[in-house]
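> data_18.tsv is reproduced in full below (TSV, C-alpha atoms).
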```tsv
chain	number	residue	atom	x	y	z
A	1	MET	CA	7.33	2.99	-5.16
A	2	ARG	CA	7.01	6.46	-6.62
A	3	LEU	CA	5.07	8.90	-4.47
A	4	SER	CA	3.36	10.80	-7.28
A	5	PHE	CA	-0.01	10.22	-5.58
A	6	LEU	CA	1.20	12.58	-2.81
A	7	GLU	CA	1.84	15.48	-5.20
A	8	PRO	CA	-1.44	17.25	-4.24
A	9	LEU	CA	-0.25	17.26	-0.62
A	10	TYR	CA	3.14	18.78	-1.19
A	11	ALA	CA	1.82	21.29	-3.72
A	12	GLN	CA	0.14	22.98	-0.73
A	13	ARG	CA	1.76	24.83	2.13
A	14	GLY	CA	0.88	23.82	5.68
A	15	PRO	CA	-0.30	23.60	8.28
A	16	PHE	CA	-2.24	20.41	7.56
A	17	THR	CA	-4.83	18.32	9.31
A	18	SER	CA	-4.10	14.61	8.84
A	19	VAL	CA	-6.90	12.16	9.71
A	20	TYR	CA	-6.80	8.35	9.74
A	21	LEU	CA	-10.14	6.74	10.46
A	22	ASP	CA	-11.62	3.25	10.52
A	23	THR	CA	-14.63	3.46	8.17
A	24	SER	CA	-15.40	-0.26	8.08
A	25	ARG	CA	-18.95	-1.22	7.24
A	26	ASP	CA	-18.99	-4.76	8.57
A	27	THR	CA	-21.51	-4.11	11.37
A	28	ASP	CA	-25.13	-2.97	11.51
A	29	ASP	CA	-24.29	0.24	13.37
A	30	ALA	CA	-21.32	1.19	11.16
A	31	GLU	CA	-22.48	4.75	10.43
A	32	ARG	CA	-22.98	5.53	14.10
A	33	ALA	CA	-19.57	4.03	14.96
A	34	ILE	CA	-17.87	6.14	12.28
A	35	ALA	CA	-19.61	9.27	13.56
A	36	LEU	CA	-18.42	8.57	17.12
A	37	ARG	CA	-14.85	7.96	15.97
A	38	TRP	CA	-14.84	11.20	14.01
A	39	HIS	CA	-16.25	13.14	16.98
A	40	ARG	CA	-13.24	12.09	19.07
A	41	LEU	CA	-10.80	12.99	16.30
A	42	ARG	CA	-12.45	16.35	15.71
A	43	GLU	CA	-11.95	17.20	19.38
A	44	GLN	CA	-8.29	16.15	19.14
A	45	LEU	CA	-7.75	18.47	16.19
A	46	ALA	CA	-9.40	21.37	18.00
A	47	ARG	CA	-7.16	20.84	21.02
A	48	GLN	CA	-4.11	20.83	18.74
A	49	GLY	CA	-5.08	24.23	17.36
A	50	ALA	CA	-6.48	23.23	13.95
A	51	ASP	CA	-8.61	25.92	12.32
A	52	ARG	CA	-12.35	25.34	12.16
A	53	ALA	CA	-12.47	25.57	8.37
A	54	SER	CA	-9.95	22.75	7.91
A	55	ILE	CA	-11.78	20.57	10.44
A	56	ALA	CA	-15.05	21.26	8.62
A	57	ALA	CA	-13.47	20.36	5.26
A	58	ALA	CA	-12.42	17.00	6.71
A	59	GLU	CA	-15.86	16.42	8.20
A	60	GLU	CA	-17.50	16.85	4.79
A	61	VAL	CA	-15.79	13.72	3.44
A	62	VAL	CA	-15.67	11.51	6.56
A	63	GLY	CA	-17.47	8.30	5.62
A	64	ALA	CA	-17.76	9.32	1.96
A	65	ASP	CA	-16.52	5.83	1.03
A	66	ALA	CA	-19.95	4.35	1.83
A	67	GLU	CA	-19.97	2.36	-1.41
A	68	VAL	CA	-17.00	0.29	-0.18
A	69	PRO	CA	-18.31	-2.64	1.87
A	70	GLY	CA	-16.55	-4.53	4.64
A	71	VAL	CA	-13.39	-3.67	6.54
A	72	HIS	CA	-11.32	-0.68	5.38
A	73	GLY	CA	-10.27	2.84	6.36
A	74	GLN	CA	-9.93	6.40	5.17
A	75	ALA	CA	-7.09	8.93	5.09
A	76	ILE	CA	-8.04	12.62	4.85
A	77	PHE	CA	-5.80	15.68	4.54
A	78	THR	CA	-6.96	19.30	4.60
A	79	ALA	CA	-5.20	22.67	4.68
A	80	HIS	CA	-6.43	26.26	4.93
A	81	GLY	CA	-10.06	25.18	4.95
A	82	ALA	CA	-9.89	22.98	1.83
A	83	LEU	CA	-9.67	19.27	1.14
A	84	VAL	CA	-6.24	18.35	-0.24
A	85	LEU	CA	-6.36	14.54	-0.43
A	86	ASP	CA	-8.90	11.84	0.44
A	87	ASP	CA	-7.86	8.22	-0.03
A	88	GLU	CA	-9.31	4.82	0.85
A	89	LEU	CA	-7.19	2.48	2.97
A	90	PRO	CA	-7.30	-1.25	2.12
A	91	ALA	CA	-7.16	-1.97	5.87
A	92	PRO	CA	-8.27	0.16	8.84
A	93	PRO	CA	-5.51	2.12	10.58
A	94	ALA	CA	-4.02	0.41	13.63
A	95	HIS	CA	-5.82	3.10	15.62
A	96	ASP	CA	-7.80	6.19	14.68
A	97	PHE	CA	-5.77	9.37	14.98
A	98	ALA	CA	-5.62	12.96	13.82
A	99	ARG	CA	-2.71	15.42	13.76
A	100	TYR	CA	-2.35	19.10	13.03
A	101	GLY	CA	1.11	20.19	11.94
A	102	THR	CA	3.30	21.96	9.45
A	103	LEU	CA	3.81	18.78	7.39
A	104	PRO	CA	1.18	16.17	6.55
A	105	ASP	CA	1.48	12.83	8.35
A	106	ALA	CA	1.71	10.79	5.15
A	107	MET	CA	3.74	7.75	6.26
A	108	PRO	CA	0.75	5.60	7.38
A	109	LEU	CA	-0.87	6.24	3.99
A	110	VAL	CA	2.36	5.36	2.19
A	111	ALA	CA	2.67	2.14	4.20
A	112	GLN	CA	-0.76	1.04	2.91
A	113	HIS	CA	-0.12	2.38	-0.59
A	114	LEU	CA	2.68	-0.08	-1.31
A	115	PRO	CA	3.07	-0.94	-5.00
A	116	GLY	CA	0.38	-3.39	-5.92
A	117	ILE	CA	1.27	-7.02	-6.47
A	118	PRO	CA	-0.54	-8.19	-9.63
A	119	TYR	CA	-2.39	-11.46	-9.29
A	120	LEU	CA	-5.15	-13.52	-10.86
A	121	ALA	CA	-7.85	-15.08	-8.67
A	122	VAL	CA	-9.92	-17.97	-9.99
A	123	VAL	CA	-12.84	-19.75	-8.28
A	124	VAL	CA	-14.36	-22.93	-9.69
A	125	HIS	CA	-17.84	-23.66	-8.33
A	126	TYR	CA	-19.23	-27.20	-8.64
A	127	ARG	CA	-21.37	-29.29	-6.29
A	128	GLY	CA	-21.69	-32.60	-8.03
A	129	PRO	CA	-19.81	-35.90	-8.07
A	130	PRO	CA	-16.20	-35.86	-9.40
A	131	THR	CA	-17.00	-37.13	-12.89
A	132	ALA	CA	-17.78	-35.59	-16.26
A	133	ASP	CA	-20.73	-38.00	-16.61
A	134	ALA	CA	-22.67	-36.07	-13.96
A	135	ALA	CA	-25.42	-33.57	-14.66
A	136	GLY	CA	-25.13	-29.92	-13.75
A	137	ASN	CA	-22.75	-27.11	-14.49
A	138	VAL	CA	-19.32	-25.81	-13.53
A	139	ALA	CA	-19.31	-22.07	-12.82
A	140	VAL	CA	-16.05	-20.12	-12.99
A	141	ALA	CA	-15.30	-16.61	-11.75
A	142	ALA	CA	-11.91	-14.96	-12.31
A	143	GLU	CA	-10.55	-11.55	-11.44
A	144	ALA	CA	-7.26	-9.75	-12.04
A	145	GLY	CA	-6.22	-7.40	-9.28
A	146	MET	CA	-3.41	-5.42	-7.65
A	147	TRP	CA	-3.00	-6.37	-4.00
A	148	PRO	CA	-3.73	-4.80	-1.54
A	149	GLY	CA	-5.57	-2.03	-3.42
A	150	SER	CA	-8.08	-4.54	-4.81
A	151	ARG	CA	-9.53	-4.92	-1.31
A	152	VAL	CA	-11.31	-1.61	-1.86
A	153	ALA	CA	-11.14	-1.42	-5.66
A	154	PRO	CA	-11.68	-4.90	-7.14
A	155	GLY	CA	-11.17	-5.40	-10.85
A	156	ASP	CA	-13.48	-6.65	-13.59
A	157	ARG	CA	-14.57	-10.26	-13.36
A	158	LEU	CA	-14.73	-12.94	-15.99
A	159	ARG	CA	-17.59	-15.43	-15.62
A	160	ARG	CA	-18.18	-18.74	-17.38
A	161	ARG	CA	-20.81	-21.43	-16.91
A	162	VAL	CA	-20.13	-24.79	-18.57
A	163	PRO	CA	-22.06	-28.11	-18.55
A	164	VAL	CA	-20.08	-30.73	-16.64
A	165	ALA	CA	-19.99	-32.98	-19.72
A	166	GLY	CA	-18.04	-30.31	-21.63
A	167	TRP	CA	-15.83	-29.17	-18.74
A	168	HIS	CA	-12.63	-30.94	-19.86
A	169	GLY	CA	-12.66	-29.28	-23.28
A	170	ALA	CA	-13.83	-25.92	-21.95
A	171	ALA	CA	-11.02	-25.96	-19.37
A	172	VAL	CA	-8.43	-26.01	-22.18
A	173	ARG	CA	-9.92	-22.94	-23.85
A	174	LEU	CA	-10.39	-21.20	-20.51
A	175	GLY	CA	-6.79	-21.97	-19.56
A	176	HIS	CA	-5.47	-20.19	-22.64
A	177	GLU	CA	-7.77	-17.23	-21.97
A	178	LEU	CA	-6.51	-17.00	-18.37
A	179	ASP	CA	-2.93	-17.26	-19.59
A	180	ARG	CA	-3.37	-14.31	-21.94
A	181	TRP	CA	-5.00	-12.33	-19.15
A	182	ALA	CA	-2.19	-13.13	-16.71
A	183	ARG	CA	0.46	-12.12	-19.28
A	184	ARG	CA	-1.34	-8.87	-20.03
A	185	THR	CA	-1.56	-7.92	-16.33
A	186	GLY	CA	1.84	-9.33	-15.33
A	187	ALA	CA	0.32	-11.53	-12.62
A	188	ASP	CA	2.89	-12.68	-10.04
A	189	ALA	CA	0.57	-15.40	-8.72
A	190	VAL	CA	-2.58	-17.26	-9.68
A	191	VAL	CA	-4.76	-18.10	-6.67
A	192	LEU	CA	-7.13	-20.97	-7.37
A	193	GLY	CA	-10.00	-21.88	-5.05
A	194	GLY	CA	-13.31	-23.69	-5.08
A	195	ASP	CA	-14.16	-27.31	-5.85
A	196	GLU	CA	-11.16	-29.64	-5.77
A	197	TRP	CA	-12.12	-31.95	-8.64
A	198	ALA	CA	-13.24	-29.27	-11.10
A	199	GLY	CA	-10.29	-27.09	-10.06
A	200	ASN	CA	-7.84	-29.94	-10.73
A	201	VAL	CA	-9.30	-30.40	-14.21
A	202	LEU	CA	-8.61	-26.75	-14.96
A	203	LEU	CA	-5.18	-26.80	-13.33
A	204	ARG	CA	-3.96	-29.73	-15.44
A	205	ARG	CA	-5.02	-27.92	-18.62
A	206	LEU	CA	-3.38	-24.58	-17.91
A	207	PRO	CA	-0.31	-23.69	-20.00
A	208	ARG	CA	2.81	-24.76	-18.09
A	209	ALA	CA	4.15	-21.26	-17.43
A	210	LEU	CA	0.85	-20.26	-15.82
A	211	ARG	CA	0.44	-23.56	-13.96
A	212	GLU	CA	3.77	-23.00	-12.18
A	213	ARG	CA	2.41	-19.80	-10.63
A	214	VAL	CA	-0.77	-21.39	-9.26
A	215	VAL	CA	-1.37	-21.50	-5.51
A	216	ARG	CA	-4.27	-23.74	-4.46
A	217	VAL	CA	-6.29	-22.41	-1.53
A	218	GLY	CA	-9.13	-23.77	0.56
A	219	GLY	CA	-11.80	-22.11	2.61
A	220	PRO	CA	-15.04	-20.41	1.62
A	221	ALA	CA	-15.11	-19.04	-1.92
A	222	ALA	CA	-18.04	-16.69	-1.46
A	223	GLU	CA	-18.13	-13.73	-3.85
A	224	ALA	CA	-18.87	-10.67	-1.72
A	225	ALA	CA	-20.09	-7.65	-3.68
A	226	GLY	CA	-17.54	-4.88	-3.84
A	227	ARG	CA	-14.71	-6.99	-2.36
A	228	ALA	CA	-11.83	-8.80	-4.02
A	229	LEU	CA	-12.47	-12.34	-5.19
A	230	LEU	CA	-10.90	-14.81	-2.69
A	231	GLU	CA	-9.85	-11.83	-0.57
A	232	PRO	CA	-9.01	-13.71	2.68
A	233	GLN	CA	-7.02	-16.37	0.83
A	234	ILE	CA	-5.10	-13.82	-1.26
A	235	ALA	CA	-4.16	-11.96	1.92
A	236	GLY	CA	-2.52	-15.14	3.19
A	237	VAL	CA	-0.77	-15.96	-0.09
A	238	LEU	CA	0.66	-12.46	-0.68
A	239	ARG	CA	1.39	-11.49	2.92
A	240	GLY	CA	5.00	-10.34	3.17
A	241	ARG	CA	5.59	-10.31	-0.59
A	242	MET	CA	7.02	-7.27	-2.31
A	243	ALA	CA	6.23	-6.04	-5.80
A	244	ALA	CA	8.82	-7.16	-8.34
A	245	HIS	CA	10.09	-3.61	-8.95
A	246	ASP	CA	10.66	-2.93	-5.25
A	247	ARG	CA	12.29	-6.33	-4.80
A	248	ALA	CA	14.73	-5.48	-7.61
A	249	LEU	CA	15.62	-2.19	-5.88
A	250	VAL	CA	16.27	-4.02	-2.60
A	251	GLU	CA	18.45	-6.61	-4.31
A	252	THR	CA	20.44	-3.84	-6.03
A	253	PHE	CA	20.90	-2.09	-2.68
A	254	LEU	CA	22.12	-5.29	-1.01
A	255	ALA	CA	24.54	-6.06	-3.85
A	256	ARG	CA	26.01	-2.55	-3.83
A	257	ARG	CA	26.21	-2.50	-0.04
A	258	ALA	CA	28.16	-5.74	-0.12
A	259	ARG	CA	30.63	-4.09	-2.52
A	260	GLY	CA	30.80	-0.98	-0.34
A	261	ALA	CA	29.79	1.44	-3.10
A	262	GLY	CA	26.66	3.23	-4.29
A	263	THR	CA	24.67	3.15	-1.05
A	264	ALA	CA	24.25	5.13	2.15
A	265	GLU	CA	22.98	3.81	5.45
A	266	GLY	CA	21.78	5.41	8.66
A	267	LEU	CA	19.66	8.49	9.28
A	268	ALA	CA	22.53	10.98	8.99
A	269	ALA	CA	23.82	9.51	5.71
A	270	GLY	CA	20.31	9.22	4.27
A	271	VAL	CA	19.53	12.84	5.11
A	272	ALA	CA	22.82	14.01	3.57
A	273	ALA	CA	22.06	12.11	0.35
A	274	LEU	CA	18.54	13.55	0.14
A	275	GLN	CA	19.92	17.06	0.66
A	276	ARG	CA	22.11	16.62	-2.42
A	277	GLY	CA	19.48	14.89	-4.60
A	278	GLN	CA	21.55	11.70	-4.72
A	279	VAL	CA	18.84	9.21	-3.78
A	280	THR	CA	17.34	6.86	-6.36
A	281	ALA	CA	15.40	4.92	-3.72
A	282	LEU	CA	15.13	5.34	0.03
A	283	LEU	CA	14.66	2.14	2.03
A	284	LEU	CA	12.81	2.45	5.33
A	285	HIS	CA	11.72	0.04	8.01
A	286	PRO	CA	7.99	0.28	8.84
A	287	PRO	CA	7.39	2.86	11.59
A	288	ARG	CA	7.08	1.49	15.12
A	289	PRO	CA	3.96	3.04	16.69
A	290	TRP	CA	5.18	2.30	20.21
A	291	GLN	CA	8.36	4.33	19.79
A	292	PRO	CA	8.55	8.16	19.71
A	293	ALA	CA	9.28	9.52	16.24
A	294	GLU	CA	12.80	10.80	15.56
A	295	PRO	CA	12.98	14.57	14.97
A	296	LEU	CA	14.54	16.37	12.02
A	297	TRP	CA	14.82	20.06	11.22
A	298	THR	CA	13.18	21.23	8.01
A	299	GLY	CA	12.81	24.28	5.81
A	300	PRO	CA	10.18	25.13	3.18
A	301	GLY	CA	11.85	23.07	0.42
A	302	PRO	CA	11.62	19.25	0.27
A	303	ALA	CA	15.41	18.80	0.29
A	304	GLN	CA	15.81	21.23	3.18
A	305	LEU	CA	16.18	18.79	6.06
A	306	ALA	CA	18.94	18.23	8.59
A	307	LEU	CA	19.69	16.61	11.93
A	308	THR	CA	20.31	19.98	13.63
A	309	GLU	CA	18.89	23.46	13.45
A	310	GLU	CA	22.37	24.91	13.09
A	311	GLU	CA	23.05	22.91	9.93
A	312	LEU	CA	19.94	24.23	8.18
A	313	VAL	CA	20.70	27.78	9.24
A	314	SER	CA	24.17	27.39	7.73
A	315	PHE	CA	22.45	26.49	4.43
A	316	GLY	CA	20.59	29.81	4.53
A	317	VAL	CA	17.25	28.47	5.78
A	318	ARG	CA	15.42	30.98	7.95
A	319	ALA	CA	13.39	29.78	10.93
A	320	PRO	CA	13.83	25.99	10.55
A	321	ARG	CA	11.10	23.87	12.12
A	322	ARG	CA	11.48	20.70	14.16
A	323	GLU	CA	9.43	17.91	12.58
A	324	ARG	CA	9.02	14.16	12.79
A	325	ALA	CA	11.65	12.34	10.74
A	326	ASP	CA	9.16	10.15	8.88
A	327	GLU	CA	7.17	13.19	7.72
A	328	ALA	CA	10.32	15.02	6.59
A	329	LEU	CA	11.75	11.95	4.83
A	330	VAL	CA	8.56	11.19	2.90
A	331	ARG	CA	8.34	14.82	1.73
A	332	ALA	CA	12.00	14.76	0.67
A	333	VAL	CA	11.56	11.51	-1.27
A	334	ALA	CA	8.50	12.84	-3.09
A	335	GLY	CA	10.05	16.24	-3.75
A	336	THR	CA	13.37	14.94	-5.13
A	337	GLY	CA	11.88	12.36	-7.50
A	338	ALA	CA	13.20	9.39	-5.53
A	339	GLU	CA	11.35	6.17	-4.81
A	340	LEU	CA	10.42	4.77	-1.40
A	341	VAL	CA	10.68	1.11	-0.45
A	342	VAL	CA	9.30	-0.10	2.89
A	343	VAL	CA	11.23	-3.22	3.91
A	344	PRO	CA	10.71	-5.51	6.93
A	345	GLU	CA	13.39	-5.08	9.58
A	346	ASP	CA	14.02	-8.82	9.89
A	347	GLU	CA	14.51	-9.14	6.13
A	348	VAL	CA	16.85	-6.19	5.49
A	349	PRO	CA	18.50	-4.82	8.65
A	350	LEU	CA	19.31	-1.11	8.24
A	351	ARG	CA	21.17	1.23	10.57
A	352	ASP	CA	18.57	3.58	12.11
A	353	GLY	CA	16.03	1.88	9.82
A	354	VAL	CA	17.23	3.96	6.84
A	355	GLY	CA	19.12	3.01	3.68
A	356	ALA	CA	19.60	4.74	0.35
A	357	LEU	CA	20.37	3.52	-3.15
A	358	LEU	CA	22.32	6.37	-4.72
A	359	ARG	CA	22.14	7.90	-8.19
A	360	TYR	CA	25.79	8.90	-8.03
A	361	THR	CA	28.70	9.22	-5.62
A	362	ASP	CA	31.47	11.76	-5.37
A	363	ALA	CA	34.14	12.91	-2.96
A	364	ALA	CA	31.51	14.50	-0.70
A	365	THR	CA	29.44	11.30	-0.34
A	366	PRO	CA	29.77	9.93	3.22
A	367	GLY	CA	31.57	6.58	3.42
A	368	PRO	CA	29.89	3.37	4.70
```
Here is the file; what I need is its structure written in the form of structure tokens.

Amino acid sequence: MRLSFLEPLYAQRGPFTSVYLDTSRDTDDAERAIALRWHRLREQLARQGADRASIAAAEEVVGADAEVPGVHGQAIFTAHGALVLDDELPAPPAHDFARYGTLPDAMPLVAQHLPGIPYLAVVVHYRGPPTADAAGNVAVAAEAGMWPGSRVAPGDRLRRRVPVAGWHGAAVRLGHELDRWARRTGADAVVLGGDEWAGNVLLRRLPRALRERVVRVGGPAAEAAGRALLEPQIAGVLRGRMAAHDRALVETFLARRARGAGTAEGLAAGVAALQRGQVTALLLHPPRPWQPAEPLWTGPGPAQLALTEEELVSFGVRAPRRERADEALVRAVAGTGAELVVVPEDEVPLRDGVGALLRYTDAATPGP
């Protein structure tokens, strides 16, 4: 995943206010609940020393995602009295929090901004007997999306309504239309829900390459306004999956690590590689909220990071600052043009939770 969406953040100098807030609108008193959550966070920022203008800039956009229904969240960053970045979160943060510091706390946003997995969702609505001789109609809704972003930004929907008597023939034409759509969007999966009989008719008439990517799902197929089609079912189907590009980076890292060349592993080795602009992709385990964040020392430049203050001073950095490792690493990745891949710990064990796929190696590159 490239972190170009964070460029507005790192184009500014700190200090920053970083706010993560549950702005779900799945209850009748949602606006009041959001206001109460923000009141607590505003007090936290004031206690941390945030300036009033930056707190006010955040307050202006709290809850500005009112057009997004259901469960979701908001990430807000301000600096020097101005809004720097406001982004919707597909899921609420694990807990509301706000921080004031030299670097923005971008890792929770990055963790929810994982590269979207392209998919096609199809719902076939029919309430009659399982025969083409019946009266009535078959209604079809389809939507292409990028998960999980489609939870708050669903795509355009295709709709068809066909008399039951013509459903077998219409399913052939619809299958080819869906196949073209899936090819155009690069869909990794096709999630099919709704009536079993009418859905089976469509499934049997899909082109083979598309049919092999179909996952049948049950459960309610209600179409909620402003939410992804088959959202709960898609969450189950795509949970734990990685986008194809990120998966390829992980497989390259594992292959090179097995050969003992072209990778670095561990916090110290990862930091050294970022200092020298060697990193193509940095692999990180998801942060553990119950553990204290590791510290790193940083300077004003994105590649100015080190494990000790003395090391940065030896590089000519004046007045290094002690920062959280995740904040420093994300800034370094974005600032050196590298990519970031968040990988589950049980899937790809990494020393210190850090691995790096390198652009090049030389005599100064630390050994495995």
> Using only C-alpha atoms, which of the listed residues (A:Leu21, A:Ala338, A:Val71, A:Ala255) sits closest to A:Glu59?
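Looking only at the distances to A:Glu59, the closest residue turns out to be A:Leu21.
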> So which residues fall inside 10 Å of (-8.6, -4.8, 7.0) if we count only C-alpha atoms? Mind giving them as a list in words?
Asp22, Ser24, Gly70, Val71, His72, Gly73, Leu89, Pro90, Ala91, Pro92, Pro93, Ala94, Pro148, Arg151, Val152, Pro232 and Ala235 of chain A
> Please identify all polymer residues lying at most 10 Å from the point (-9.8, 20.1, 6.5) (file coordinates), using all atoms listed in the file, and present the result as a list in words.
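Those residues lying close to the given coordinates are Phe16, Thr17, Ser18, Val19, Ala50, Asp51, Arg52, Ala53, Ser54, Ile55, Ala56, Ala57, Ala58, Glu59, Glu60, Val61, Ile76, Phe77, Thr78, Ala79, His80, Gly81, Ala82, Leu83, Val84, Leu85 and Tyr100 of chain A.
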> Tell me, as a ChimeraX atom specification, which residues lie within 7 Å of stretch 308-323 of chain A, counting only C-alpha atoms; anything in the same chain fewer than 2 positions away does not count.
/A:295-299,305-306,325,328
> Which is closer to A:Ala66 than all the others in A:Val172, A:Ala182, A:Val138, A:Ile34, using all atoms listed in the file?
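So, comparing all the options, the nearest one is A:Ile34.
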> Would you please work out which residue, of A:His168, A:Arg359, A:Arg183, A:Arg25, is nearest to A:Arg276 when using all atoms listed in the file?
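The closest residue to A:Arg276 is A:Arg359.
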> Could you work out how far atom CA of A:Arg37 lies from atom CA of A:Pro287, giving the answer in Å with one decimal?
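Answer for the atom CA of A:Pro287 to atom CA of A:Arg37 separation: 23.2 Å.
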> Atom CA of A:Ala111 to atom CA of A:Pro220: how many Å, to one decimal?
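Atom-to-atom, atom CA of A:Ala111 and atom CA of A:Pro220 are spaced 28.8 Å apart.
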> Excluding A:Val343 and any residue of its chain fewer than 4 positions from it, enumerate the residues within 8 Å of it, using only C-alpha atoms, and give them as a ChimeraX atom specification.
/A:283-286,347-348
> Have a look at atom CA of A:Ala132 and atom CA of A:Trp167 and let me know their distance in Å, one decimal.
7.2 Å
> Go through stretch 127-245 of chain A and flag each residue having an atom no more than 9 Å from stretch 113-117 of chain A; for those, report the closest pair of atoms plus their distance in Å to one decimal, using only C-alpha atoms, ordered by chain and rising number, as CSV.

```
residue,atom,partner,partner_atom,distance
A:Gly145,CA,A:Ile117,CA,8.0
A:Met146,CA,A:Gly116,CA,4.6
A:Trp147,CA,A:Gly116,CA,4.9
A:Pro148,CA,A:Gly116,CA,6.2
A:Gly149,CA,A:Gly116,CA,6.6
A:Ser150,CA,A:Gly116,CA,8.6
A:Ala187,CA,A:Ile117,CA,7.7
A:Asp188,CA,A:Ile117,CA,6.9
A:Ala189,CA,A:Ile117,CA,8.7
A:Leu238,CA,A:Ile117,CA,8.0
A:Arg241,CA,A:Ile117,CA,8.0
A:Met242,CA,A:Ile117,CA,7.1
A:Ala243,CA,A:Ile117,CA,5.1
A:Ala244,CA,A:Ile117,CA,7.8
A:His245,CA,A:Pro115,CA,8.5
```
> I'd like the neighbourhood of A:Gly277 as a PDB file with C-alpha atoms, in the frame of the given file, where a residue qualifies if any of its atoms comes within 7 Å (using only C-alpha atoms), though same-chain residues fewer than 3 positions away should be ignored.

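Below is the file part01.pdb, written as the result:
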```
ATOM      1  CA  ALA A 273      22.060  12.110   0.350  1.00  0.00           C
ATOM      2  CA  LEU A 274      18.540  13.550   0.140  1.00  0.00           C
ATOM      3  CA  THR A 336      13.370  14.940  -5.130  1.00  0.00           C
TER       4      THR A 336
END
```
> A:Val237, A:Ala139, A:Ala268, A:Ala170: which is nearest A:Asp352, counting all atoms listed in the file?
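Checking each of A:Val237, A:Ala139, A:Ala268, A:Ala170 against A:Asp352, counting all atoms listed in the file, the winner is A:Ala268.
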> Between A:Val191, A:Thr280, A:Glu265, A:Asn137, which residue has the minimum interatomic distance to A:Gly236, considering only C-alpha atoms?
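Under the stated criterion, the closest residue is A:Val191.
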> For A:Leu36, which residue among A:Asp96, A:Asp87, A:Asp65, A:Glu345 is the nearest when counting only C-alpha atoms?
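Residue with the minimum atom-to-atom distance to A:Leu36: A:Asp96.
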> Saving stretch 118-132 of chain A with N, CA and C atoms, as a PDB file, in the first residue's frame, what would that file be?

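This is the output file decode_29.pdb:
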```pdb
ATOM      1  N   PRO A 118     -10.981  -5.704  -4.529  1.00  0.00           N
ATOM      2  CA  PRO A 118     -12.104  -5.533  -5.456  1.00  0.00           C
ATOM      3  C   PRO A 118     -13.019  -6.750  -5.457  1.00  0.00           C
ATOM      4  N   TYR A 119     -14.293  -6.501  -5.471  1.00  0.00           N
ATOM      5  CA  TYR A 119     -15.269  -7.594  -5.450  1.00  0.00           C
ATOM      6  C   TYR A 119     -16.514  -7.177  -6.230  1.00  0.00           C
ATOM      7  N   LEU A 120     -17.347  -8.142  -6.498  1.00  0.00           N
ATOM      8  CA  LEU A 120     -18.643  -7.904  -7.127  1.00  0.00           C
ATOM      9  C   LEU A 120     -19.700  -8.563  -6.250  1.00  0.00           C
ATOM     10  N   ALA A 121     -20.691  -7.810  -5.825  1.00  0.00           N
ATOM     11  CA  ALA A 121     -21.787  -8.338  -5.014  1.00  0.00           C
ATOM     12  C   ALA A 121     -23.046  -8.404  -5.859  1.00  0.00           C
ATOM     13  N   VAL A 122     -23.742  -9.530  -5.784  1.00  0.00           N
ATOM     14  CA  VAL A 122     -24.951  -9.737  -6.583  1.00  0.00           C
ATOM     15  C   VAL A 122     -26.046 -10.309  -5.685  1.00  0.00           C
ATOM     16  N   VAL A 123     -27.219  -9.699  -5.721  1.00  0.00           N
ATOM     17  CA  VAL A 123     -28.376 -10.194  -4.969  1.00  0.00           C
ATOM     18  C   VAL A 123     -29.506 -10.482  -5.952  1.00  0.00           C
ATOM     19  N   VAL A 124     -30.063 -11.681  -5.849  1.00  0.00           N
ATOM     20  CA  VAL A 124     -31.182 -12.083  -6.700  1.00  0.00           C
ATOM     21  C   VAL A 124     -32.427 -12.208  -5.827  1.00  0.00           C
ATOM     22  N   HIS A 125     -33.386 -11.317  -6.036  1.00  0.00           N
ATOM     23  CA  HIS A 125     -34.619 -11.315  -5.248  1.00  0.00           C
ATOM     24  C   HIS A 125     -35.727 -12.045  -6.016  1.00  0.00           C
ATOM     25  N   TYR A 126     -36.355 -13.019  -5.350  1.00  0.00           N
ATOM     26  CA  TYR A 126     -37.488 -13.729  -5.948  1.00  0.00           C
ATOM     27  C   TYR A 126     -38.250 -14.408  -4.821  1.00  0.00           C
ATOM     28  N   ARG A 127     -39.586 -14.343  -4.866  1.00  0.00           N
ATOM     29  CA  ARG A 127     -40.381 -14.910  -3.778  1.00  0.00           C
ATOM     30  C   ARG A 127     -41.419 -15.908  -4.264  1.00  0.00           C
ATOM     31  N   GLY A 128     -41.208 -16.468  -5.399  1.00  0.00           N
ATOM     32  CA  GLY A 128     -42.183 -17.412  -5.919  1.00  0.00           C
ATOM     33  C   GLY A 128     -41.683 -18.849  -5.868  1.00  0.00           C
ATOM     34  N   PRO A 129     -42.456 -19.766  -6.459  1.00  0.00           N
ATOM     35  CA  PRO A 129     -42.039 -21.170  -6.505  1.00  0.00           C
ATOM     36  C   PRO A 129     -40.836 -21.347  -7.428  1.00  0.00           C
ATOM     37  N   PRO A 130     -40.031 -22.393  -7.213  1.00  0.00           N
ATOM     38  CA  PRO A 130     -38.808 -22.608  -8.014  1.00  0.00           C
ATOM     39  C   PRO A 130     -39.094 -23.181  -9.394  1.00  0.00           C
ATOM     40  N   THR A 131     -39.756 -22.414 -10.231  1.00  0.00           N
ATOM     41  CA  THR A 131     -40.060 -22.847 -11.588  1.00  0.00           C
ATOM     42  C   THR A 131     -40.257 -21.642 -12.483  1.00  0.00           C
ATOM     43  N   ALA A 132     -39.856 -21.752 -13.730  1.00  0.00           N
ATOM     44  CA  ALA A 132     -40.004 -20.655 -14.676  1.00  0.00           C
ATOM     45  C   ALA A 132     -41.440 -20.503 -15.151  1.00  0.00           C
TER      46      ALA A 132
END
```
